[in-house]
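Data block for run-v3.pdb (PDB, C-alpha atoms):
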```pdb
ATOM      1  CA  MET A 126       0.000   0.000   0.000
ATOM      2  CA  ASN A 127       1.873   3.079  -1.306
ATOM      3  CA  THR A 128       0.476   6.108   0.519
ATOM      4  CA  LYS A 129       3.644   8.128   0.857
ATOM      5  CA  GLN A 130       2.413  10.940  -1.404
ATOM      6  CA  LEU A 131      -0.728  11.384   0.674
ATOM      7  CA  SER A 132       1.493  12.341   3.562
ATOM      8  CA  TYR A 133       3.084  15.022   1.354
ATOM      9  CA  ILE A 134      -0.207  16.915   1.024
ATOM     10  CA  LEU A 135      -0.961  16.538   4.723
ATOM     11  CA  ALA A 136       2.486  17.941   5.561
ATOM     12  CA  ILE A 137       1.883  20.976   3.315
ATOM     13  CA  ALA A 138      -1.531  21.565   4.907
ATOM     14  CA  GLN A 139      -0.100  21.248   8.410
ATOM     15  CA  ASN A 140       2.856  23.581   7.826
ATOM     16  CA  GLY A 141       1.254  26.066   5.454
ATOM     17  CA  SER A 142       4.367  26.256   3.288
ATOM     18  CA  LEU A 143       6.383  24.111   0.942
ATOM     19  CA  SER A 144       9.680  24.868   2.647
ATOM     20  CA  ALA A 145       8.469  23.847   6.107
ATOM     21  CA  ALA A 146       6.795  20.715   4.722
ATOM     22  CA  SER A 147       9.983  19.855   2.843
ATOM     23  CA  ALA A 148      12.020  20.059   6.042
ATOM     24  CA  GLN A 149       9.505  17.926   7.937
ATOM     25  CA  ILE A 150       9.226  15.011   5.518
ATOM     26  CA  GLY A 151      12.737  15.096   4.060
ATOM     27  CA  VAL A 152      11.731  15.756   0.454
ATOM     28  CA  SER A 153      13.329  18.596  -1.497
ATOM     29  CA  GLN A 154      11.177  21.694  -1.986
ATOM     30  CA  PRO A 155      11.386  21.578  -5.842
ATOM     31  CA  ALA A 156      10.278  17.926  -5.828
ATOM     32  CA  LEU A 157       7.405  18.721  -3.466
ATOM     33  CA  SER A 158       6.331  21.698  -5.574
ATOM     34  CA  LYS A 159       6.453  19.556  -8.737
ATOM     35  CA  TYR A 160       4.345  16.857  -7.120
ATOM     36  CA  LEU A 161       1.719  19.370  -5.948
ATOM     37  CA  THR A 162       1.510  20.986  -9.390
ATOM     38  CA  GLU A 163       1.086  17.616 -11.144
ATOM     39  CA  LEU A 164      -1.557  16.510  -8.651
ATOM     40  CA  GLU A 165      -3.589  19.730  -9.043
ATOM     41  CA  GLN A 166      -3.380  19.364 -12.827
ATOM     42  CA  GLU A 167      -4.572  15.767 -12.561
ATOM     43  CA  LEU A 168      -7.477  16.784 -10.313
ATOM     44  CA  GLY A 169      -8.312  19.850 -12.431
ATOM     45  CA  THR A 170      -8.490  22.122  -9.407
ATOM     46  CA  ASP A 171      -6.289  23.859  -6.843
ATOM     47  CA  LEU A 172      -5.802  22.303  -3.448
ATOM     48  CA  PHE A 173      -4.157  25.357  -1.886
ATOM     49  CA  LEU A 174      -4.499  29.137  -2.116
ATOM     50  CA  HIS A 175      -1.439  31.392  -1.722
ATOM     51  CA  HIS A 176      -1.971  34.315   0.648
ATOM     52  CA  LYS A 177       0.804  36.358   2.256
ATOM     53  CA  LYS A 178       3.431  33.670   1.682
ATOM     54  CA  LYS A 179       1.238  31.042   3.289
ATOM     55  CA  LEU A 180      -0.731  28.172   1.787
ATOM     56  CA  TYR A 181      -4.367  27.598   2.758
ATOM     57  CA  LEU A 182      -6.587  24.681   1.829
ATOM     58  CA  THR A 183      -9.294  25.247  -0.728
ATOM     59  CA  PRO A 184     -12.621  23.375  -0.362
ATOM     60  CA  ALA A 185     -11.220  20.760  -2.721
ATOM     61  CA  GLY A 186      -8.061  20.674  -0.632
ATOM     62  CA  ARG A 187     -10.059  19.971   2.542
ATOM     63  CA  ILE A 188     -11.890  17.125   0.818
ATOM     64  CA  TYR A 189      -8.581  15.684  -0.378
ATOM     65  CA  THR A 190      -6.840  15.944   2.992
ATOM     66  CA  ASP A 191      -9.852  14.471   4.820
ATOM     67  CA  ALA A 192      -9.721  11.497   2.463
ATOM     68  CA  ALA A 193      -5.948  11.237   2.883
ATOM     69  CA  ARG A 194      -6.294  11.064   6.665
ATOM     70  CA  ARG A 195      -8.920   8.322   6.399
ATOM     71  CA  ILE A 196      -6.780   6.332   3.985
ATOM     72  CA  LEU A 197      -3.715   6.616   6.200
ATOM     73  CA  SER A 198      -5.791   5.688   9.230
ATOM     74  CA  VAL A 199      -7.044   2.553   7.498
ATOM     75  CA  LYS A 200      -3.469   1.729   6.514
ATOM     76  CA  ASP A 201      -2.252   2.138  10.093
ATOM     77  CA  GLN A 202      -5.073   0.016  11.475
ATOM     78  CA  THR A 203      -4.423  -2.671   8.871
ATOM     79  CA  PHE A 204      -0.720  -2.831   9.622
ATOM     80  CA  GLN A 205      -1.346  -2.841  13.381
ATOM     81  CA  THR A 206      -3.790  -5.718  12.976
ATOM     82  CA  ILE A 207      -1.292  -7.727  10.916
ATOM     83  CA  ARG A 208       1.491  -7.058  13.411
ATOM     84  CA  SER A 209      -0.743  -8.042  16.317
ATOM     85  CA  LEU A 210      -1.609 -11.286  14.550
ATOM     86  CA  SER A 211       2.057 -12.129  14.232
ATOM     87  CA  VAL A 212       2.570 -11.481  17.943
ATOM     88  CA  ARG A 213      -0.588 -12.991  19.431
ATOM     89  CA  GLN A 214      -1.130 -15.718  16.804
ATOM     90  CA  PRO A 215      -4.862 -16.179  17.433
ATOM     91  CA  HIS A 216      -5.947 -19.773  16.962
ATOM     92  CA  THR A 217      -9.040 -20.848  15.100
ATOM     93  CA  HIS A 218      -8.851 -24.345  16.581
ATOM     94  CA  THR A 219      -6.559 -26.816  18.312
ATOM     95  CA  LEU A 220      -5.079 -30.139  17.249
ATOM     96  CA  THR A 221      -4.376 -32.323  20.273
ATOM     97  CA  ILE A 222      -1.644 -34.884  19.639
ATOM     98  CA  GLY A 223      -0.620 -37.784  21.825
ATOM     99  CA  VAL A 224       3.148 -38.224  22.109
ATOM    100  CA  THR A 225       5.673 -40.164  24.135
ATOM    101  CA  PRO A 226       7.451 -38.015  26.745
ATOM    102  CA  LEU A 227      10.789 -37.988  24.934
ATOM    103  CA  ARG A 228      10.922 -38.931  21.284
ATOM    104  CA  GLY A 229       7.383 -37.936  20.367
ATOM    105  CA  ALA A 230       7.621 -34.518  21.993
ATOM    106  CA  MET A 231      10.980 -33.868  20.317
ATOM    107  CA  LYS A 232       9.525 -34.768  16.919
ATOM    108  CA  VAL A 233       6.674 -32.300  17.322
ATOM    109  CA  ALA A 234       9.120 -29.578  18.346
ATOM    110  CA  ARG A 235      11.156 -30.263  15.223
ATOM    111  CA  ILE A 236       8.304 -29.935  12.739
ATOM    112  CA  PHE A 237       6.370 -27.216  14.591
ATOM    113  CA  PRO A 238       7.897 -24.195  12.750
ATOM    114  CA  LEU A 239       7.076 -25.692   9.350
ATOM    115  CA  PHE A 240       3.543 -26.571  10.354
ATOM    116  CA  ARG A 241       2.994 -23.107  11.855
ATOM    117  CA  LYS A 242       4.244 -21.469   8.672
ATOM    118  CA  ARG A 243       1.554 -23.206   6.625
ATOM    119  CA  TYR A 244      -1.224 -23.078   9.245
ATOM    120  CA  PRO A 245      -0.434 -20.067  11.447
ATOM    121  CA  TYR A 246      -3.769 -20.059  13.274
ATOM    122  CA  THR A 247      -3.901 -23.715  14.245
ATOM    123  CA  HIS A 248      -2.720 -24.451  17.754
ATOM    124  CA  ILE A 249      -1.003 -27.744  18.609
ATOM    125  CA  ALA A 250      -1.494 -29.176  22.092
ATOM    126  CA  LEU A 251       0.474 -32.176  23.352
ATOM    127  CA  THR A 252      -0.639 -34.975  25.625
ATOM    128  CA  GLU A 253       2.337 -37.000  26.884
ATOM    129  CA  GLN A 254       1.654 -40.680  27.523
ATOM    130  CA  TYR A 255       3.259 -44.068  27.051
ATOM    131  CA  ASN A 256       2.344 -46.284  24.135
ATOM    132  CA  ALA A 257      -0.579 -48.206  25.633
ATOM    133  CA  GLN A 258      -2.249 -45.011  26.815
ATOM    134  CA  LEU A 259      -1.556 -43.326  23.474
ATOM    135  CA  ARG A 260      -3.290 -46.153  21.673
ATOM    136  CA  GLN A 261      -6.340 -45.820  23.892
ATOM    137  CA  SER A 262      -6.426 -42.027  23.531
ATOM    138  CA  ALA A 263      -6.393 -42.350  19.737
ATOM    139  CA  LEU A 264      -9.109 -44.995  19.874
ATOM    140  CA  ASN A 265     -11.355 -42.807  22.058
ATOM    141  CA  GLN A 266     -10.464 -39.735  19.950
ATOM    142  CA  GLN A 267      -9.257 -37.888  23.016
ATOM    143  CA  VAL A 268      -6.437 -36.927  20.658
ATOM    144  CA  CYS A 269      -6.712 -36.427  16.913
ATOM    145  CA  MET A 270      -3.668 -38.667  16.434
ATOM    146  CA  ALA A 271      -0.973 -40.343  18.503
ATOM    147  CA  LEU A 272       2.696 -40.939  17.686
ATOM    148  CA  GLY A 273       4.027 -44.285  18.760
ATOM    149  CA  THR A 274       5.049 -47.755  17.681
ATOM    150  CA  CYS A 275       3.155 -50.921  16.886
ATOM    151  CA  LEU A 276       3.988 -54.548  16.218
ATOM    152  CA  ASP A 277       1.051 -55.360  13.969
ATOM    153  CA  LEU A 278      -0.515 -52.964  11.456
ATOM    154  CA  GLU A 279      -3.874 -54.743  11.548
ATOM    155  CA  ASP A 280      -6.487 -53.522  13.995
ATOM    156  CA  PRO A 281     -10.288 -53.345  13.637
ATOM    157  CA  ASP A 282     -10.543 -49.998  15.438
ATOM    158  CA  LEU A 283      -7.330 -48.117  14.599
ATOM    159  CA  ASN A 284      -5.517 -47.005  11.484
ATOM    160  CA  PHE A 285      -1.753 -47.312  11.750
ATOM    161  CA  ILE A 286      -0.257 -44.802   9.321
ATOM    162  CA  SER A 287       3.277 -46.122   9.240
ATOM    163  CA  ALA A 288       6.163 -45.261   6.936
ATOM    164  CA  PHE A 289       9.197 -46.717   8.728
ATOM    165  CA  GLU A 290      10.375 -49.758  10.638
ATOM    166  CA  GLU A 291      12.949 -49.865  13.431
ATOM    167  CA  ASP A 292      14.930 -52.905  14.548
ATOM    168  CA  LEU A 293      15.016 -54.177  18.095
ATOM    169  CA  VAL A 294      18.533 -54.248  19.566
ATOM    170  CA  LEU A 295      20.017 -56.051  22.554
ATOM    171  CA  PHE A 296      21.837 -53.666  24.925
ATOM    172  CA  VAL A 297      24.555 -55.449  26.934
ATOM    173  CA  PRO A 298      26.894 -54.195  29.705
ATOM    174  CA  SER A 299      30.466 -54.079  28.458
ATOM    175  CA  PHE A 300      31.666 -56.399  31.270
ATOM    176  CA  HIS A 301      29.349 -59.234  30.127
ATOM    177  CA  PRO A 302      31.269 -62.348  28.973
ATOM    178  CA  LEU A 303      29.651 -62.145  25.512
ATOM    179  CA  ALA A 304      30.348 -58.420  25.070
ATOM    180  CA  ALA A 305      33.657 -59.120  23.336
ATOM    181  CA  ARG A 306      31.741 -60.503  20.361
ATOM    182  CA  ALA A 307      30.078 -57.145  19.678
ATOM    183  CA  SER A 308      31.218 -55.008  16.788
ATOM    184  CA  ARG A 309      32.565 -51.587  17.674
ATOM    185  CA  ASP A 310      31.110 -50.278  14.427
ATOM    186  CA  LEU A 311      27.695 -49.023  15.478
ATOM    187  CA  ASP A 312      26.588 -48.919  11.844
ATOM    188  CA  CYS A 313      27.204 -52.651  11.439
ATOM    189  CA  LEU A 314      26.106 -54.553  14.521
ATOM    190  CA  THR A 315      27.011 -58.157  15.180
ATOM    191  CA  SER A 316      23.951 -60.397  15.150
ATOM    192  CA  ILE A 317      23.515 -62.862  17.987
ATOM    193  CA  ASP A 318      21.157 -65.575  19.167
ATOM    194  CA  ILE A 319      19.329 -64.185  22.208
ATOM    195  CA  ARG A 320      19.208 -67.668  23.737
ATOM    196  CA  LEU A 321      22.868 -67.224  24.690
ATOM    197  CA  PHE A 322      21.598 -64.781  27.343
ATOM    198  CA  GLN A 323      19.181 -67.259  28.934
ATOM    199  CA  ASP A 324      21.006 -67.060  32.262
ATOM    200  CA  THR A 325      21.503 -63.282  32.188
ATOM    201  CA  PRO A 326      19.044 -60.995  34.029
ATOM    202  CA  PHE A 327      16.922 -58.772  31.794
ATOM    203  CA  VAL A 328      15.730 -55.183  32.140
ATOM    204  CA  LEU A 329      12.483 -54.718  30.197
ATOM    205  CA  GLY A 330       9.666 -52.299  29.485
ATOM    206  CA  GLY A 331       6.376 -52.110  31.327
ATOM    207  CA  ASP A 332       3.208 -54.030  30.491
ATOM    208  CA  GLY A 333       2.003 -51.360  28.086
ATOM    209  CA  SER A 334       5.170 -51.098  26.025
ATOM    210  CA  ASN A 335       5.434 -52.687  22.604
ATOM    211  CA  ILE A 336       9.002 -53.726  23.359
ATOM    212  CA  TYR A 337       7.814 -55.771  26.326
ATOM    213  CA  GLN A 338       5.116 -57.433  24.214
ATOM    214  CA  LEU A 339       7.712 -58.183  21.552
ATOM    215  CA  ALA A 340      10.129 -59.505  24.196
ATOM    216  CA  LYS A 341       7.464 -61.941  25.438
ATOM    217  CA  THR A 342       6.960 -63.142  21.864
ATOM    218  CA  ILE A 343      10.707 -63.626  21.411
ATOM    219  CA  PHE A 344      11.075 -65.527  24.698
ATOM    220  CA  LYS A 345       8.172 -67.795  23.800
ATOM    221  CA  GLN A 346       9.520 -68.504  20.326
ATOM    222  CA  MET A 347      12.990 -69.192  21.715
ATOM    223  CA  ASP A 348      11.660 -71.259  24.636
ATOM    224  CA  MET A 349      13.313 -68.901  27.123
ATOM    225  CA  ASN A 350      12.320 -67.978  30.648
ATOM    226  CA  PRO A 351      14.906 -65.400  31.733
ATOM    227  CA  THR A 352      14.934 -63.584  35.044
ATOM    228  CA  VAL A 353      13.537 -60.037  34.732
ATOM    229  CA  VAL A 354      15.099 -57.860  37.441
ATOM    230  CA  PHE A 355      13.641 -54.497  36.527
ATOM    231  CA  ARG A 356      10.826 -53.069  34.382
ATOM    232  CA  SER A 357       9.928 -49.519  33.367
ATOM    233  CA  ASP A 358       7.830 -47.734  30.763
ATOM    234  CA  ASN A 359      10.631 -45.197  30.422
ATOM    235  CA  ASN A 360      13.174 -46.345  27.826
ATOM    236  CA  LEU A 361      15.862 -43.998  29.126
ATOM    237  CA  ILE A 362      15.642 -45.628  32.536
ATOM    238  CA  ILE A 363      16.031 -49.055  30.951
ATOM    239  CA  LYS A 364      19.059 -47.832  29.024
ATOM    240  CA  ASN A 365      20.629 -46.365  32.163
ATOM    241  CA  MET A 366      19.964 -49.571  34.098
ATOM    242  CA  VAL A 367      21.773 -51.622  31.449
ATOM    243  CA  GLU A 368      24.636 -49.146  31.360
ATOM    244  CA  GLY A 369      24.858 -49.430  35.132
ATOM    245  CA  GLY A 370      25.196 -53.212  34.881
ATOM    246  CA  ALA A 371      21.765 -54.300  36.134
ATOM    247  CA  GLY A 372      21.232 -56.649  33.202
ATOM    248  CA  VAL A 373      20.733 -56.758  29.454
ATOM    249  CA  GLY A 374      17.870 -54.935  27.791
ATOM    250  CA  LEU A 375      15.895 -54.725  24.578
ATOM    251  CA  LEU A 376      15.472 -51.271  23.065
ATOM    252  CA  ALA A 377      14.889 -49.656  19.709
ATOM    253  CA  HIS A 378      17.913 -49.133  17.446
ATOM    254  CA  SER A 379      17.680 -45.342  17.675
ATOM    255  CA  PHE A 380      18.639 -45.452  21.369
ATOM    256  CA  ILE A 381      22.146 -46.585  20.442
ATOM    257  CA  GLU A 382      24.955 -44.154  21.165
ATOM    258  CA  PRO A 383      28.710 -44.572  21.749
ATOM    259  CA  SER A 384      29.404 -45.841  25.255
ATOM    260  CA  ASP A 385      32.329 -47.402  27.116
ATOM    261  CA  ARG A 386      29.918 -49.237  29.384
ATOM    262  CA  MET A 387      27.598 -50.853  26.819
ATOM    263  CA  VAL A 388      27.763 -52.851  23.600
ATOM    264  CA  TYR A 389      24.991 -53.662  21.146
ATOM    265  CA  PHE A 390      23.837 -56.710  19.205
ATOM    266  CA  SER A 391      21.264 -57.115  16.490
ATOM    267  CA  LEU A 392      19.038 -60.147  16.947
ATOM    268  CA  ARG A 393      19.010 -63.313  14.895
ATOM    269  CA  PRO A 394      16.342 -63.627  13.573
ATOM    270  CA  ASN A 395      15.567 -59.927  13.159
ATOM    271  CA  TYR A 396      12.681 -58.305  15.056
ATOM    272  CA  TYR A 397      11.347 -54.837  14.407
ATOM    273  CA  MET A 398       8.573 -52.365  15.236
ATOM    274  CA  HIS A 399       6.589 -50.000  13.030
ATOM    275  CA  ILE A 400       7.000 -46.261  13.629
ATOM    276  CA  THR A 401       3.432 -45.115  13.312
ATOM    277  CA  VAL A 402       0.742 -42.495  13.675
ATOM    278  CA  MET A 403      -2.348 -43.957  15.319
ATOM    279  CA  VAL A 404      -5.751 -42.643  14.289
ATOM    280  CA  ALA A 405      -9.246 -43.921  15.074
ATOM    281  CA  LYS A 406     -10.605 -46.006  12.204
ATOM    282  CA  ASN A 407     -13.720 -43.880  11.729
ATOM    283  CA  LYS A 408     -11.857 -40.554  11.804
ATOM    284  CA  VAL A 409     -11.686 -38.492   8.620
ATOM    285  CA  LEU A 410      -8.374 -36.650   8.504
ATOM    286  CA  THR A 411      -8.405 -32.934   7.720
ATOM    287  CA  GLU A 412      -5.842 -31.340   5.413
ATOM    288  CA  GLU A 413      -4.022 -29.928   8.446
ATOM    289  CA  GLU A 414      -3.845 -33.353  10.066
ATOM    290  CA  ARG A 415      -2.625 -34.994   6.861
ATOM    291  CA  TYR A 416       0.077 -32.343   6.489
ATOM    292  CA  LEU A 417       1.137 -32.908  10.089
ATOM    293  CA  ILE A 418       1.438 -36.648   9.449
ATOM    294  CA  ALA A 419       3.458 -35.952   6.277
ATOM    295  CA  LEU A 420       5.858 -33.809   8.323
ATOM    296  CA  PHE A 421       6.208 -36.527  10.965
ATOM    297  CA  HIS A 422       7.118 -39.042   8.271
ATOM    298  CA  ALA A 423       9.435 -36.591   6.517
ATOM    299  CA  THR A 424      11.550 -36.092   9.634
ATOM    300  CA  ASP A 425      12.172 -39.830   9.768
ATOM    301  CA  PHE A 426      13.822 -39.853   6.348
ATOM    302  CA  HIS A 427      16.833 -38.434   8.197
ATOM    303  CA  ASN A 428      17.057 -41.358  10.614
ATOM    304  CA  PRO A 429      19.646 -43.860   9.355
ATOM    305  CA  HIS A 430      18.250 -46.553  11.669
ATOM    306  CA  TYR A 431      14.811 -46.604  10.039
ATOM    307  CA  ARG A 432      13.736 -48.607   6.998
ATOM    308  CA  PHE A 433      11.262 -46.964   4.665
ATOM    309  CA  ASN A 434       8.279 -49.283   4.232
ATOM    310  CA  PRO A 435       5.135 -47.136   3.973
ATOM    311  CA  THR A 436       1.578 -48.322   4.269
ATOM    312  CA  PRO A 437      -0.675 -47.287   1.344
ATOM    313  CA  LEU A 438      -2.219 -44.419   3.323
ATOM    314  CA  SER A 439       1.183 -43.207   4.447
ATOM    315  CA  ARG A 440       2.488 -43.210   0.883
ATOM    316  CA  GLN A 441      -0.627 -41.380  -0.290
ATOM    317  CA  ILE A 442      -0.163 -38.637   2.322
ATOM    318  CA  LEU A 443       3.526 -38.188   1.492
ATOM    319  CA  GLU A 444       2.710 -37.914  -2.211
ATOM    320  CA  GLU A 445      -0.108 -35.434  -1.534
ATOM    321  CA  PHE A 446       2.416 -32.963  -0.111
ATOM    322  CA  HIS A 447       5.270 -33.985  -2.442
ATOM    323  CA  PHE A 448       7.515 -35.279   0.335
ATOM    324  CA  SER A 449      10.219 -37.797  -0.457
ATOM    325  CA  ARG A 450      13.764 -38.585   0.590
ATOM    326  CA  GLN A 451      14.935 -36.065  -2.014
ATOM    327  CA  THR A 452      12.713 -33.201  -0.835
ATOM    328  CA  ILE A 453      13.153 -33.056   2.931
ATOM    329  CA  ASP A 454      16.409 -31.155   3.367
ATOM    330  CA  PHE A 455      14.398 -28.256   4.808
ATOM    331  CA  ILE A 456      13.412 -30.264   7.908
TER     332      ILE A 456
END
```
Would you encode the structure as structure tokens?
Amino acid sequence: MNTKQLSYILAIAQNGSLSAASAQIGVSQPALSKYLTELEQELGTDLFLHHKKKLYLTPAGRIYTDAARRILSVKDQTFQTIRSLSVRQPHTHTLTIGVTPLRGAMKVARIFPLFRKRYPYTHIALTEQYNAQLRQSALNQQVCMALGTCLDLEDPDLNFISAFEEDLVLFVPSFHPLAARASRDLDCLTSIDIRLFQDTPFVLGGDGSNIYQLAKTIFKQMDMNPTVVFRSDNNLIIKNMVEGGAGVGLLAHSFIEPSDRMVYFSLRPNYYMHITVMVAKNKVLTEEERYLIALFHATDFHNPHYRFNPTPLSRQILEEFHFSRQTIDFI
């Protein structure tokens, strides 16, 4: 909105002279005089009368300056409204998302600026829960979606919108007799038969964790009945317990990090979990929700520990917003 020249006329009317107006607005007097002459010619009437070296508004001049003030007032109000929007960010509605206390919350924080750029008036609220509670919250639609993991993509009441898989890894204290077999290359883990740890105490997840459910399946398949010395829904606690020597533990591959007190084995045969967004089966996803899911998937393209294996709905959502491994450098 270019209204600079309106302020020129208002400055002349306020000061009653071209020289004083020129000094006030920082425009040379010849340029100001030229502008006034051209404007009066365009309007076909004078805006000012000259009397005793002073300029006075004509009736046409008063009409013009009244209009100029209104236009500038509208401009100021418009700009103030836009600026206030950018500060207050009023929300038209809220998307409530269920997340795990660590990884899920961090993922939302990572994609939040991109989501806000596209949907500036949509507020995101987080509900932090562990996987079993997240599943129930999605089922009851207490949240519009929940970020978590699952072992099986088939469920009569939930849609699992999954794009990636993550391997289960055995975390072992470095003093364990079998630790010497582990590769020091964290990108190429040594595979091992978990039955070799039959007599080693285990640290496992709580009843509601997918890793615990998967561990029970593994133990049954391998005809194992190991001693479980500690259980927690918090994966970081499990990791710290293993690092402290309490036992061996099963955790997702992405929890691996260099450590002098732990080594890591992949399992033989391989077991994995699906990284998923859980949504009630009867829920129709809005464009905002689909874009949010696409962003969640897009962030995982960066994770070297994940395998890309999208469900049909996940692939459809990624294609809708043109996200692929080649287009996510901005995340």
Output of the PyMOL selection byres ((chain A and resi 252) around 9), listed as a PyMOL selection string: chain A and resi 221-226+250-251+253-254+259+268+271
Nearest to Ile343 of chain A, restricted to all atoms listed in the file and choosing among A:Leu314, A:Leu392, A:Leu164, A:Ile363, comes out as A:Leu392
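If you apply the PyMOL selection byres ((chain A and resi 139-146) around 8) to this structure, you end up with Tyr133, Leu135, Ala136, Ile137, Ala138, Ser147, Ala148, Gln149, Ile150, Gln154, Leu157, Ser158, Lys178, Lys179, Leu180 and Tyr181 of chain A.
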Create the file for the chosen residues now, containing C-alpha atoms and written as an mmCIF file, in the frame of the given file.
```cif
data_model
loop_
_atom_site.group_PDB
_atom_site.id
_atom_site.type_symbol
_atom_site.label_atom_id
_atom_site.label_comp_id
_atom_site.auth_asym_id
_atom_site.auth_seq_id
_atom_site.Cartn_x
_atom_site.Cartn_y
_atom_site.Cartn_z
ATOM 1 C CA TYR A 133 3.084 15.022 1.354
ATOM 2 C CA LEU A 135 -0.961 16.538 4.723
ATOM 3 C CA ALA A 136 2.486 17.941 5.561
ATOM 4 C CA ILE A 137 1.883 20.976 3.315
ATOM 5 C CA ALA A 138 -1.531 21.565 4.907
ATOM 6 C CA SER A 147 9.983 19.855 2.843
ATOM 7 C CA ALA A 148 12.020 20.059 6.042
ATOM 8 C CA GLN A 149 9.505 17.926 7.937
ATOM 9 C CA ILE A 150 9.226 15.011 5.518
ATOM 10 C CA GLN A 154 11.177 21.694 -1.986
ATOM 11 C CA LEU A 157 7.405 18.721 -3.466
ATOM 12 C CA SER A 158 6.331 21.698 -5.574
ATOM 13 C CA LYS A 178 3.431 33.670 1.682
ATOM 14 C CA LYS A 179 1.238 31.042 3.289
ATOM 15 C CA LEU A 180 -0.731 28.172 1.787
ATOM 16 C CA TYR A 181 -4.367 27.598 2.758
#
```
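When only C-alpha atoms are used to compute distances to Leu272 of chain A, the closest of the residues A:Leu329, A:Ala307, A:Leu417, A:Met387 turns out to be A:Leu417.
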Could you spell out the hits of the PyMOL selection byres ((chain A and resi 394) around 12) on the shown file, as a ChimeraX atom specification? /A:292-294,316-320,343,346-347,390-393,395-397
One number please: atom CA of Ile249 of chain A to atom CA of Val233 of chain A, in Å, one decimal. 9.0 Å
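Restricting the calculation to all atoms listed in the file, the smallest distance between Gly186 of chain A and any of A:Thr170, A:Asn407, A:Gln441, A:Ser357 is found for A:Thr170.
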Given only C-alpha atoms as the basis, pick out the residue of A:Phe173, A:Tyr416, A:Tyr189, A:Tyr389 nearest to Arg309 of chain A. A:Tyr389
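From atom CA of Arg235 of chain A back to atom CA of Lys406 of chain A, the distance works out to 27.0 Å.
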